[in-house]
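Peer 1: Just so it is clear, I am handing over coords_31.txt, which has compact mmCIF, C-alpha atoms.
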```
# COMPACT_ATOMS: atom_id res chain seq x y z
CA MET A 929 -11.43 6.26 9.48
CA THR A 930 -10.57 8.35 12.47
CA THR A 931 -7.57 7.88 14.70
CA SER A 932 -6.87 8.81 18.28
CA ALA A 933 -3.89 9.23 20.50
CA ALA A 934 -4.37 5.60 21.52
CA ALA A 935 -3.87 4.53 17.91
CA THR A 936 -0.27 5.67 18.02
CA THR A 937 0.56 3.59 21.07
CA THR A 938 3.46 1.23 20.50
CA THR A 939 2.18 -2.19 19.48
CA SER A 940 3.94 -5.46 20.28
CA VAL A 941 3.21 -8.56 18.26
CA ARG A 942 4.33 -12.16 18.28
CA ARG A 943 3.76 -14.67 15.54
CA SER A 944 1.50 -17.47 16.71
CA THR A 945 3.35 -20.25 14.91
CA ARG A 946 6.73 -21.61 15.85
CA LEU A 947 9.75 -21.57 13.58
CA ARG A 948 11.43 -24.81 12.64
CA ASN A 949 13.94 -24.46 15.48
CA GLY A 950 11.05 -24.22 17.94
CA LEU A 951 11.66 -20.56 18.79
CA ARG A 952 9.31 -17.65 18.29
CA PRO A 953 10.53 -14.48 16.55
CA MET A 954 11.34 -11.50 18.72
CA PRO A 955 8.40 -9.11 19.24
CA VAL A 956 7.92 -6.58 16.45
CA ARG A 957 7.38 -3.09 17.81
CA TYR A 958 5.85 -0.21 15.89
CA ARG A 959 6.85 2.89 17.77
CA ALA A 960 4.68 5.97 18.23
CA MET A 961 5.14 8.57 15.49
CA GLU A 962 4.19 12.20 15.01
CA THR A 963 2.38 12.10 11.66
CA VAL A 964 1.68 8.41 11.05
CA SER A 965 -0.13 5.85 13.20
CA VAL A 966 0.39 2.12 12.90
CA GLU A 967 -1.92 -0.60 14.22
CA ARG A 968 -1.68 -4.36 13.84
CA ASP A 969 -4.35 -6.97 14.52
CA ASP A 970 -3.96 -10.61 15.52
CA ALA A 971 -4.36 -11.77 11.91
CA GLY A 972 -1.31 -9.80 10.80
CA VAL A 973 -3.15 -6.90 9.15
CA VAL A 974 -1.12 -3.71 9.62
CA THR A 975 -3.01 -0.44 9.16
CA VAL A 976 -0.89 2.62 8.37
CA THR A 977 -2.79 5.91 8.75
CA PHE A 978 -1.72 9.34 7.54
CA ASP A 979 -2.43 11.34 10.67
CA ARG A 980 -2.53 15.07 9.88
CA PRO A 981 -6.29 15.49 9.53
CA THR A 982 -6.25 19.28 9.97
CA ARG A 983 -4.12 19.46 6.79
CA LYS A 984 -6.13 16.77 4.98
CA ASN A 985 -3.15 14.52 5.64
CA ALA A 986 -0.80 16.50 3.42
CA ILE A 987 2.69 15.02 3.60
CA ASN A 988 5.32 17.18 5.27
CA GLY A 989 9.00 16.50 5.87
CA VAL A 990 8.37 14.55 9.05
CA MET A 991 5.79 12.34 7.35
CA TRP A 992 8.14 11.57 4.44
CA ARG A 993 10.69 10.27 6.93
CA GLU A 994 8.18 8.40 9.07
CA LEU A 995 6.52 6.70 6.09
CA ALA A 996 9.89 5.51 4.80
CA GLU A 997 10.77 4.16 8.24
CA VAL A 998 7.48 2.36 8.81
CA PHE A 999 7.52 0.76 5.35
CA ASP A 1000 11.05 -0.50 6.07
CA GLU A 1001 9.86 -1.96 9.39
CA ILE A 1002 6.84 -3.65 7.83
CA ALA A 1003 8.96 -5.16 5.05
CA LEU A 1004 11.05 -6.95 7.69
CA ASP A 1005 8.09 -7.95 9.89
CA ARG A 1006 7.49 -11.68 9.41
CA THR A 1007 4.25 -11.40 11.35
CA ALA A 1008 2.74 -8.83 8.95
CA ARG A 1009 0.62 -10.33 6.18
CA VAL A 1010 -1.41 -7.43 4.76
CA VAL A 1011 -0.97 -3.66 4.82
CA VAL A 1012 -3.89 -1.21 4.72
CA LEU A 1013 -3.08 2.42 3.90
CA THR A 1014 -5.62 5.10 4.83
CA GLY A 1015 -6.07 8.63 6.15
CA ALA A 1016 -7.36 10.15 9.37
CA GLY A 1017 -10.47 12.31 9.35
CA ASP A 1018 -12.30 12.94 6.09
CA ALA A 1019 -9.35 12.75 3.67
CA PHE A 1020 -7.02 10.06 2.39
CA CYS A 1021 -4.08 12.29 1.46
CA SER A 1022 -4.02 15.69 -0.26
CA GLY A 1023 -0.47 15.22 -1.54
CA ALA A 1024 2.68 17.06 -0.57
CA ASP A 1025 2.33 19.94 1.87
CA LEU A 1026 3.30 22.80 -0.45
CA GLY A 1027 2.81 25.26 2.39
CA GLU A 1028 5.90 24.01 4.19
CA ALA A 1029 8.46 26.72 4.85
CA GLY A 1030 11.05 26.92 2.10
CA ALA A 1031 9.18 24.75 -0.36
CA ASP A 1032 8.97 27.60 -2.87
CA ASN A 1033 12.62 28.64 -2.57
CA LEU A 1034 14.39 25.47 -3.65
CA SER A 1035 17.25 25.41 -6.12
CA VAL A 1036 17.12 22.74 -8.83
CA ALA A 1037 19.85 20.75 -7.09
CA ASN A 1038 18.10 20.90 -3.72
CA GLY A 1039 14.80 20.07 -5.37
CA VAL A 1040 16.22 16.93 -6.96
CA ALA A 1041 17.62 15.82 -3.60
CA LEU A 1042 14.26 16.46 -1.95
CA MET A 1043 12.36 14.55 -4.62
CA ARG A 1044 14.69 11.59 -4.37
CA ARG A 1045 13.84 11.37 -0.68
CA THR A 1046 10.12 11.51 -1.41
CA SER A 1047 10.47 8.98 -4.22
CA ARG A 1048 11.90 6.45 -1.78
CA VAL A 1049 8.54 6.40 -0.01
CA ALA A 1050 6.68 5.43 -3.20
CA LEU A 1051 9.29 2.81 -4.07
CA ARG A 1052 9.27 1.27 -0.58
CA LEU A 1053 5.49 0.98 -0.73
CA HIS A 1054 5.71 -0.63 -4.18
CA ASP A 1055 8.38 -3.08 -2.99
CA LEU A 1056 6.60 -4.26 0.16
CA PRO A 1057 6.40 -8.07 0.08
CA GLN A 1058 2.97 -7.99 1.72
CA ALA A 1059 -0.26 -7.38 -0.17
CA THR A 1060 -1.37 -3.75 0.18
CA ILE A 1061 -4.83 -2.16 0.13
CA ALA A 1062 -5.54 1.56 -0.17
CA MET A 1063 -8.67 2.40 1.84
CA VAL A 1064 -9.55 5.74 0.27
CA ASN A 1065 -11.93 7.51 2.61
CA GLY A 1066 -11.85 10.98 1.03
CA VAL A 1067 -9.79 13.18 -1.24
CA ALA A 1068 -6.69 11.58 -2.80
CA VAL A 1069 -4.83 13.98 -5.03
CA GLY A 1070 -1.32 14.47 -6.37
CA TYR A 1071 1.25 12.39 -4.53
CA GLY A 1072 -1.56 11.13 -2.29
CA ALA A 1073 -3.46 9.74 -5.26
CA ASN A 1074 -0.34 8.00 -6.51
CA LEU A 1075 0.35 6.42 -3.13
CA ALA A 1076 -3.15 4.94 -3.36
CA LEU A 1077 -2.48 3.71 -6.90
CA GLY A 1078 0.80 2.23 -5.70
CA CYS A 1079 -1.12 -0.23 -3.53
CA ASP A 1080 -2.12 -3.63 -4.90
CA LEU A 1081 -5.83 -2.95 -4.44
CA VAL A 1082 -7.76 0.32 -4.15
CA VAL A 1083 -11.12 0.42 -2.35
CA ALA A 1084 -12.86 3.79 -2.24
CA ALA A 1085 -15.78 5.28 -0.39
CA GLU A 1086 -18.42 6.93 -2.56
CA ARG A 1087 -17.30 10.34 -1.26
CA ALA A 1088 -13.68 9.78 -2.37
CA ARG A 1089 -12.20 12.03 -5.03
CA PHE A 1090 -9.06 11.56 -7.13
CA SER A 1091 -6.90 13.93 -9.16
CA GLN A 1092 -3.55 14.10 -10.89
CA ILE A 1093 -3.60 17.74 -9.88
CA PHE A 1094 0.04 18.50 -10.67
CA LEU A 1095 -0.38 20.76 -13.71
CA GLN A 1096 -2.84 22.96 -11.83
CA ARG A 1097 -0.07 23.50 -9.27
CA GLY A 1098 2.58 24.23 -11.91
CA LEU A 1099 4.22 20.86 -11.35
CA ALA A 1100 4.98 17.61 -13.16
CA ILE A 1101 3.86 14.16 -12.02
CA ASP A 1102 5.55 12.52 -9.03
CA GLY A 1103 4.89 9.71 -6.57
CA GLY A 1104 5.32 7.13 -9.34
CA GLY A 1105 2.25 8.29 -11.23
CA SER A 1106 4.09 8.53 -14.57
CA TRP A 1107 4.89 4.81 -14.26
CA LEU A 1108 1.67 3.62 -12.63
CA LEU A 1109 -1.00 5.36 -14.68
CA PRO A 1110 -0.09 4.06 -18.17
CA ARG A 1111 0.17 0.53 -16.79
CA LEU A 1112 -3.15 0.73 -14.99
CA ILE A 1113 -5.31 2.47 -17.59
CA GLY A 1114 -3.33 2.84 -20.81
CA LEU A 1115 -1.36 5.76 -22.23
CA HIS A 1116 -4.16 7.86 -23.72
CA LYS A 1117 -6.38 7.78 -20.64
CA ALA A 1118 -3.35 8.47 -18.43
CA LYS A 1119 -2.61 11.56 -20.52
CA GLU A 1120 -6.20 12.74 -20.20
CA LEU A 1121 -6.11 12.54 -16.41
CA ALA A 1122 -2.69 14.19 -16.21
CA PHE A 1123 -3.21 16.90 -18.86
CA PHE A 1124 -6.53 18.21 -17.55
CA ALA A 1125 -5.88 17.52 -13.84
CA ASP A 1126 -9.62 17.13 -13.28
CA ILE A 1127 -10.97 15.96 -9.93
CA ILE A 1128 -12.93 12.78 -10.60
CA SER A 1129 -15.42 10.90 -8.44
CA ALA A 1130 -14.83 7.45 -7.01
CA ALA A 1131 -17.30 6.05 -9.54
CA GLU A 1132 -15.37 7.65 -12.42
CA ALA A 1133 -12.11 6.34 -10.98
CA ALA A 1134 -13.56 2.83 -10.93
CA GLU A 1135 -14.83 3.23 -14.48
CA VAL A 1136 -11.40 4.13 -15.85
CA GLY A 1137 -9.72 1.37 -13.86
CA ILE A 1138 -7.77 3.00 -11.03
CA VAL A 1139 -10.14 1.78 -8.30
CA ASN A 1140 -11.11 -1.85 -7.69
CA ARG A 1141 -14.28 -1.23 -5.71
CA VAL A 1142 -16.49 1.67 -4.64
CA VAL A 1143 -18.64 1.17 -1.57
CA PRO A 1144 -20.99 3.32 0.51
CA ASP A 1145 -19.09 5.54 2.92
CA ASP A 1146 -20.30 3.69 6.01
CA GLU A 1147 -19.31 0.30 4.54
CA LEU A 1148 -15.72 1.19 3.63
CA ALA A 1149 -14.02 -0.01 6.80
CA ALA A 1150 -15.94 -3.29 6.93
CA THR A 1151 -15.32 -4.01 3.24
CA VAL A 1152 -11.59 -3.44 3.55
CA ALA A 1153 -11.45 -5.44 6.78
CA ASP A 1154 -13.09 -8.38 4.99
CA LEU A 1155 -10.68 -8.19 2.04
CA ALA A 1156 -7.69 -7.85 4.34
CA ALA A 1157 -8.79 -10.85 6.39
CA ARG A 1158 -9.18 -12.95 3.25
CA LEU A 1159 -5.70 -11.96 2.08
CA ALA A 1160 -4.22 -12.58 5.54
CA ALA A 1161 -5.60 -16.14 5.38
CA GLN A 1162 -3.64 -16.86 2.18
CA PRO A 1163 -0.19 -18.48 2.33
CA PRO A 1164 2.01 -15.40 2.86
CA LEU A 1165 5.11 -16.52 0.94
CA GLN A 1166 3.05 -17.59 -2.06
CA LEU A 1167 1.02 -14.37 -1.99
CA SER A 1168 4.23 -12.36 -1.95
CA MET A 1169 5.60 -14.31 -4.92
CA VAL A 1170 2.41 -13.85 -6.94
CA LYS A 1171 2.57 -10.11 -6.22
CA ARG A 1172 6.15 -10.00 -7.46
CA GLN A 1173 5.29 -12.00 -10.59
CA LEU A 1174 2.52 -9.61 -11.56
CA ASN A 1175 4.57 -6.50 -10.73
CA ASN A 1176 7.31 -7.75 -13.03
CA ALA A 1177 4.95 -8.68 -15.87
CA PHE A 1178 5.59 -5.64 -18.05
CA SER A 1179 9.37 -5.90 -17.86
CA MET A 1180 9.65 -9.51 -19.08
CA THR A 1181 9.23 -11.44 -22.26
CA MET A 1182 6.95 -14.48 -22.22
CA ALA A 1183 10.00 -16.76 -22.16
CA GLU A 1184 11.50 -14.88 -19.21
CA ALA A 1185 8.20 -14.98 -17.34
CA LEU A 1186 7.88 -18.74 -17.87
CA GLU A 1187 11.42 -19.35 -16.61
CA ALA A 1188 10.78 -17.17 -13.57
CA GLU A 1189 7.56 -19.09 -12.94
CA ALA A 1190 9.42 -22.40 -13.13
CA VAL A 1191 12.02 -21.34 -10.56
CA THR A 1192 9.42 -19.79 -8.25
CA GLN A 1193 7.04 -22.73 -8.47
CA ALA A 1194 9.83 -25.20 -7.72
CA ALA A 1195 10.51 -23.31 -4.48
CA MET A 1196 6.80 -23.29 -3.64
CA PHE A 1197 6.52 -27.06 -4.13
CA VAL A 1198 8.79 -27.73 -1.14
CA SER A 1199 7.23 -25.18 1.22
CA ARG A 1200 5.34 -26.30 4.31
CA ASP A 1201 2.31 -24.26 3.26
CA ALA A 1202 2.06 -26.13 -0.07
CA ASN A 1203 2.10 -29.40 1.86
CA GLU A 1204 -0.55 -28.03 4.23
CA ALA A 1205 -2.74 -26.96 1.31
CA MET A 1206 -2.62 -30.45 -0.16
CA ARG A 1207 -3.42 -32.11 3.18
CA ALA A 1208 -6.29 -29.69 3.76
CA PHE A 1209 -7.68 -30.49 0.29
CA ILE A 1210 -7.53 -34.23 0.93
CA GLU A 1211 -9.01 -33.86 4.42
CA LYS A 1212 -11.73 -31.49 3.16
CA ARG A 1213 -10.90 -28.69 5.62
CA ALA A 1214 -9.66 -25.11 5.49
CA PRO A 1215 -5.87 -24.85 5.32
CA ARG A 1216 -3.90 -23.25 8.17
CA PHE A 1217 -0.98 -21.41 6.63
CA THR A 1218 2.06 -20.45 8.71
CA GLY A 1219 4.31 -18.72 6.19
CA GLU A 1220 6.82 -21.55 6.01
```
What does the file become when written as structure tokens?
Peer 2:
Amino acid sequence: MTTSAAATTTTSVRRSTRLRNGLRPMPVRYRAMETVSVERDDAGVVTVTFDRPTRKNAINGVMWRELAEVFDEIALDRTARVVVLTGAGDAFCSGADLGEAGADNLSVANGVALMRRTSRVALRLHDLPQATIAMVNGVAVGYGANLALGCDLVVAAERARFSQIFLQRGLAIDGGGSWLLPRLIGLHKAKELAFFADIISAAEAAEVGIVNRVVPDDELAATVADLAARLAAQPPLQLSMVKRQLNNAFSMTMAEALEAEAVTQAAMFVSRDANEAMRAFIEKRAPRFTGE
């Protein structure tokens, strides 16, 4: 998916439904950025694009900061329902920009401080209340691969390639990959991908379980747009709660999960969207969810 200067233009959005006090929220503004572009459609789908195509969207210091800022803004945006993460040009993200000045002269203490800043990006993506889709249009390696895996769904073009390339660069895993991979594909397969650092095709990535769907290159955008629209039509609060339930699954006992379900479901029972879903079912029509 390509981007242009117009894609970075500040976007103003207003939620179409009124709050209970009859007032609309203030406009949400995504400001123009240097390395990241943000677009939002009328359905509440926010597309975040790594925008350094001449560097295969490698993440530099400016992009670390801008990604953290835009994820914070999206998390607080009540009009945002789905987030699509993708890259400009022919790459998704080639990982950290190791060619940045000073990157090879860090002390251990400075390196830890740097990595903690980069780790905040992965954690903020993971913690977004909205559903997230990685639209992988090309190479996704290292930290870039793990940002894709950090999304709720991964849809890849046939030309996409993935790699846990860290060992080939004399590095250990980062970007949350050490946590994500074993949960997604099991410990032994995670070790195979990390130990050998092979570059695998989109089809191989789907086979091992780190990609949900692989589609022809020219169908990627339309496929993701369809999935995003379907997610945007779901009740946003309930979708967010289901995401949280599944993200927490591996840290809970069955008893803890059941108790969390009971508390969450009780809150859902009294929501306006639950009432709307029931009315729509009785009236044999599509529900119109407002997020309340």
Peer 1: May I ask which of the residues A:Arg983, A:Arg959, A:Lys1212, A:His1054 is the closest one to A:Gly1015, counting all atoms listed in the file?
Peer 2: A:Arg983
Peer 1: Dump as a Markdown table the rows for residues of stretch 1032-1079 of chain A within 12 Å of stretch 1175-1183 of chain A: closest atom pair and distance in Å with one decimal, only C-alpha atoms counted, ordered by chain and rising residue number.
Peer 2:
```
| residue | atom | partner | partner_atom | distance |
| --- | --- | --- | --- | --- |
| A:His1054 | CA | A:Asn1175 | CA | 8.9 |
| A:Asp1055 | CA | A:Asn1175 | CA | 9.3 |
| A:Leu1056 | CA | A:Asn1175 | CA | 11.3 |
| A:Pro1057 | CA | A:Asn1175 | CA | 11.1 |
| A:Ala1059 | CA | A:Asn1175 | CA | 11.6 |
| A:Gly1078 | CA | A:Asn1175 | CA | 10.8 |
| A:Cys1079 | CA | A:Asn1175 | CA | 11.1 |
```
Peer 1: With only C-alpha atoms as the basis for distance, which of A:Ala1100, A:Met961, A:Leu1013, A:Ala1208 is at the shortest distance from A:Ile1061?
Peer 2: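 Distance minimum relative to A:Ile1061 lands on A:Leu1013.
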Peer 1: Kindly indicate which residue among A:Leu1026, A:Leu1051, A:Met1169, A:Val1083 lies nearest to A:Asp1154, using all atoms listed in the file for the distances.
Peer 2: A:Val1083
Peer 1: For stretch 1017-1023 of chain A, work out the shell of residues within 7 Å, counting all atoms listed in the file and skipping chain neighbours fewer than 2 positions away, then give it as a PyMOL selection string.
Peer 2: chain A and resi 929-930+981+984-987+1014-1015+1025+1064-1072
Peer 1: What's around A:Ser1106 at 12 Å? Count all atoms listed in the file, leave out sequence neighbours fewer than 3 positions away in its own chain, and write the answer as JSON, numbers by chain.
Peer 2: {"A": [1070, 1071, 1074, 1077, 1078, 1092, 1094, 1100, 1101, 1102, 1103, 1109, 1110, 1111, 1112, 1113, 1114, 1115, 1118, 1119, 1121, 1122, 1123]}
Peer 1: Using all atoms listed in the file, find all polymer residues with an atom at most 10 Å away from the point (9.3, 10.3, 4.6); report them as a VMD selection string.
Peer 2: chain A and resid 987 to 999 1045 to 1050
Peer 1: Please provide as a PDB file with C-alpha atoms, keeping the file's coordinate frame all residues within 9 Å of A:Ile1128, with the sequence filter that same-chain residues fewer than 6 positions apart are discarded (counting all atoms listed in the file).
Peer 2:
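So the final result, stored in result-v8.pdb, reads:
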```pdb
ATOM      1  CA  ALA A1088     -13.680   9.780  -2.370  1.00  0.00           C
ATOM      2  CA  ARG A1089     -12.200  12.030  -5.030  1.00  0.00           C
ATOM      3  CA  PHE A1090      -9.060  11.560  -7.130  1.00  0.00           C
ATOM      4  CA  SER A1091      -6.900  13.930  -9.160  1.00  0.00           C
ATOM      5  CA  LEU A1121      -6.110  12.540 -16.410  1.00  0.00           C
TER       6      LEU A1121
END
```
Peer 1: Between A:Leu1148, A:Ala1205, A:Val973, A:Ile1127, which residue has the minimum interatomic distance to A:Val1012, considering only C-alpha atoms?
Peer 2: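 Closest candidate: A:Val973.
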Peer 1: With all atoms listed in the file as the basis for distance, which of A:Val1191, A:Ala1084, A:Val1198, A:Ala1041 is at the shortest distance from A:Ala1133?
Peer 2: A:Ala1084
Peer 1: Quick one: of A:Leu1095, A:Ile1138, A:Ala1130, A:Leu1174, who's nearest to A:Leu1075, counting all atoms listed in the file?
Peer 2: A:Ile1138
Peer 1: Tell me which protein, DNA and RNA residues are within 9 Å of A:Ala1161, counting all atoms listed in the file, leaving out same-chain ones fewer than 4 positions away, and put them as a list in words.
Peer 2: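 Non-adjacent residues within range: Ala971, Arg1009, Ala1156, Ala1157, Pro1215, Arg1216 and Phe1217 of chain A.
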Peer 1: In Å, how far is it from atom CA of A:Asp969 to atom CA of A:Phe1209?
Peer 2: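 So the two atoms, atom CA of A:Asp969 and atom CA of A:Phe1209, lie 27.7 Å apart.
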Peer 1: Can you put N, CA and C atoms back into stretch 960-987 of chain A and show it as a PDB file, in the frame of the given file?
Peer 2:
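out_29.pdb was written with the following content:
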```
ATOM      1  N   ALA A 960       5.555   4.813  18.438  1.00  0.00           N
ATOM      2  CA  ALA A 960       4.680   5.970  18.230  1.00  0.00           C
ATOM      3  C   ALA A 960       5.365   6.975  17.326  1.00  0.00           C
ATOM      4  N   MET A 961       4.605   7.588  16.435  1.00  0.00           N
ATOM      5  CA  MET A 961       5.140   8.570  15.490  1.00  0.00           C
ATOM      6  C   MET A 961       4.316   9.845  15.549  1.00  0.00           C
ATOM      7  N   GLU A 962       4.840  10.892  14.960  1.00  0.00           N
ATOM      8  CA  GLU A 962       4.190  12.200  15.010  1.00  0.00           C
ATOM      9  C   GLU A 962       3.102  12.368  13.972  1.00  0.00           C
ATOM     10  N   THR A 963       3.307  11.850  12.769  1.00  0.00           N
ATOM     11  CA  THR A 963       2.380  12.100  11.660  1.00  0.00           C
ATOM     12  C   THR A 963       1.762  10.843  11.081  1.00  0.00           C
ATOM     13  N   VAL A 964       2.165   9.683  11.570  1.00  0.00           N
ATOM     14  CA  VAL A 964       1.680   8.410  11.050  1.00  0.00           C
ATOM     15  C   VAL A 964       1.334   7.513  12.231  1.00  0.00           C
ATOM     16  N   SER A 965       0.193   6.840  12.173  1.00  0.00           N
ATOM     17  CA  SER A 965      -0.130   5.850  13.200  1.00  0.00           C
ATOM     18  C   SER A 965      -0.127   4.469  12.576  1.00  0.00           C
ATOM     19  N   VAL A 966       0.271   3.493  13.376  1.00  0.00           N
ATOM     20  CA  VAL A 966       0.390   2.120  12.900  1.00  0.00           C
ATOM     21  C   VAL A 966      -0.307   1.196  13.894  1.00  0.00           C
ATOM     22  N   GLU A 967      -1.213   0.385  13.395  1.00  0.00           N
ATOM     23  CA  GLU A 967      -1.920  -0.600  14.220  1.00  0.00           C
ATOM     24  C   GLU A 967      -1.805  -1.953  13.558  1.00  0.00           C
ATOM     25  N   ARG A 968      -1.762  -3.006  14.371  1.00  0.00           N
ATOM     26  CA  ARG A 968      -1.680  -4.360  13.840  1.00  0.00           C
ATOM     27  C   ARG A 968      -2.653  -5.257  14.588  1.00  0.00           C
ATOM     28  N   ASP A 969      -3.422  -6.068  13.841  1.00  0.00           N
ATOM     29  CA  ASP A 969      -4.350  -6.970  14.520  1.00  0.00           C
ATOM     30  C   ASP A 969      -3.753  -8.372  14.619  1.00  0.00           C
ATOM     31  N   ASP A 970      -4.473  -9.265  15.259  1.00  0.00           N
ATOM     32  CA  ASP A 970      -3.960 -10.610  15.520  1.00  0.00           C
ATOM     33  C   ASP A 970      -3.799 -11.438  14.245  1.00  0.00           C
ATOM     34  N   ALA A 971      -4.482 -11.035  13.166  1.00  0.00           N
ATOM     35  CA  ALA A 971      -4.360 -11.770  11.910  1.00  0.00           C
ATOM     36  C   ALA A 971      -3.165 -11.325  11.083  1.00  0.00           C
ATOM     37  N   GLY A 972      -2.465 -10.291  11.540  1.00  0.00           N
ATOM     38  CA  GLY A 972      -1.310  -9.800  10.800  1.00  0.00           C
ATOM     39  C   GLY A 972      -1.632  -8.690   9.830  1.00  0.00           C
ATOM     40  N   VAL A 973      -2.788  -8.046   9.988  1.00  0.00           N
ATOM     41  CA  VAL A 973      -3.150  -6.900   9.150  1.00  0.00           C
ATOM     42  C   VAL A 973      -2.607  -5.637   9.809  1.00  0.00           C
ATOM     43  N   VAL A 974      -1.715  -4.943   9.114  1.00  0.00           N
ATOM     44  CA  VAL A 974      -1.120  -3.710   9.620  1.00  0.00           C
ATOM     45  C   VAL A 974      -1.788  -2.525   8.920  1.00  0.00           C
ATOM     46  N   THR A 975      -2.358  -1.627   9.709  1.00  0.00           N
ATOM     47  CA  THR A 975      -3.010  -0.440   9.160  1.00  0.00           C
ATOM     48  C   THR A 975      -2.114   0.771   9.397  1.00  0.00           C
ATOM     49  N   VAL A 976      -1.724   1.421   8.314  1.00  0.00           N
ATOM     50  CA  VAL A 976      -0.890   2.620   8.370  1.00  0.00           C
ATOM     51  C   VAL A 976      -1.792   3.810   8.012  1.00  0.00           C
ATOM     52  N   THR A 977      -1.880   4.775   8.924  1.00  0.00           N
ATOM     53  CA  THR A 977      -2.790   5.910   8.750  1.00  0.00           C
ATOM     54  C   THR A 977      -2.032   7.216   8.689  1.00  0.00           C
ATOM     55  N   PHE A 978      -2.222   7.962   7.579  1.00  0.00           N
ATOM     56  CA  PHE A 978      -1.720   9.340   7.540  1.00  0.00           C
ATOM     57  C   PHE A 978      -2.473  10.112   8.624  1.00  0.00           C
ATOM     58  N   ASP A 979      -1.756  10.787   9.507  1.00  0.00           N
ATOM     59  CA  ASP A 979      -2.430  11.340  10.670  1.00  0.00           C
ATOM     60  C   ASP A 979      -2.157  12.841  10.831  1.00  0.00           C
ATOM     61  N   ARG A 980      -2.538  13.603   9.806  1.00  0.00           N
ATOM     62  CA  ARG A 980      -2.530  15.070   9.880  1.00  0.00           C
ATOM     63  C   ARG A 980      -3.890  15.571   9.387  1.00  0.00           C
ATOM     64  N   PRO A 981      -4.960  15.205  10.067  1.00  0.00           N
ATOM     65  CA  PRO A 981      -6.290  15.490   9.530  1.00  0.00           C
ATOM     66  C   PRO A 981      -6.593  16.964   9.338  1.00  0.00           C
ATOM     67  N   THR A 982      -5.982  17.849  10.140  1.00  0.00           N
ATOM     68  CA  THR A 982      -6.250  19.280   9.970  1.00  0.00           C
ATOM     69  C   THR A 982      -5.650  19.823   8.687  1.00  0.00           C
ATOM     70  N   ARG A 983      -4.722  19.090   8.079  1.00  0.00           N
ATOM     71  CA  ARG A 983      -4.120  19.460   6.790  1.00  0.00           C
ATOM     72  C   ARG A 983      -4.538  18.488   5.698  1.00  0.00           C
ATOM     73  N   LYS A 984      -5.654  17.805   5.913  1.00  0.00           N
ATOM     74  CA  LYS A 984      -6.130  16.770   4.980  1.00  0.00           C
ATOM     75  C   LYS A 984      -5.011  15.776   4.665  1.00  0.00           C
ATOM     76  N   ASN A 985      -4.218  15.504   5.701  1.00  0.00           N
ATOM     77  CA  ASN A 985      -3.150  14.520   5.640  1.00  0.00           C
ATOM     78  C   ASN A 985      -2.108  14.813   4.572  1.00  0.00           C
ATOM     79  N   ALA A 986      -1.891  16.109   4.317  1.00  0.00           N
ATOM     80  CA  ALA A 986      -0.800  16.500   3.420  1.00  0.00           C
ATOM     81  C   ALA A 986       0.527  16.036   4.012  1.00  0.00           C
ATOM     82  N   ILE A 987       1.436  15.618   3.147  1.00  0.00           N
ATOM     83  CA  ILE A 987       2.690  15.020   3.600  1.00  0.00           C
ATOM     84  C   ILE A 987       3.753  16.096   3.775  1.00  0.00           C
TER      85      ILE A 987
END
```
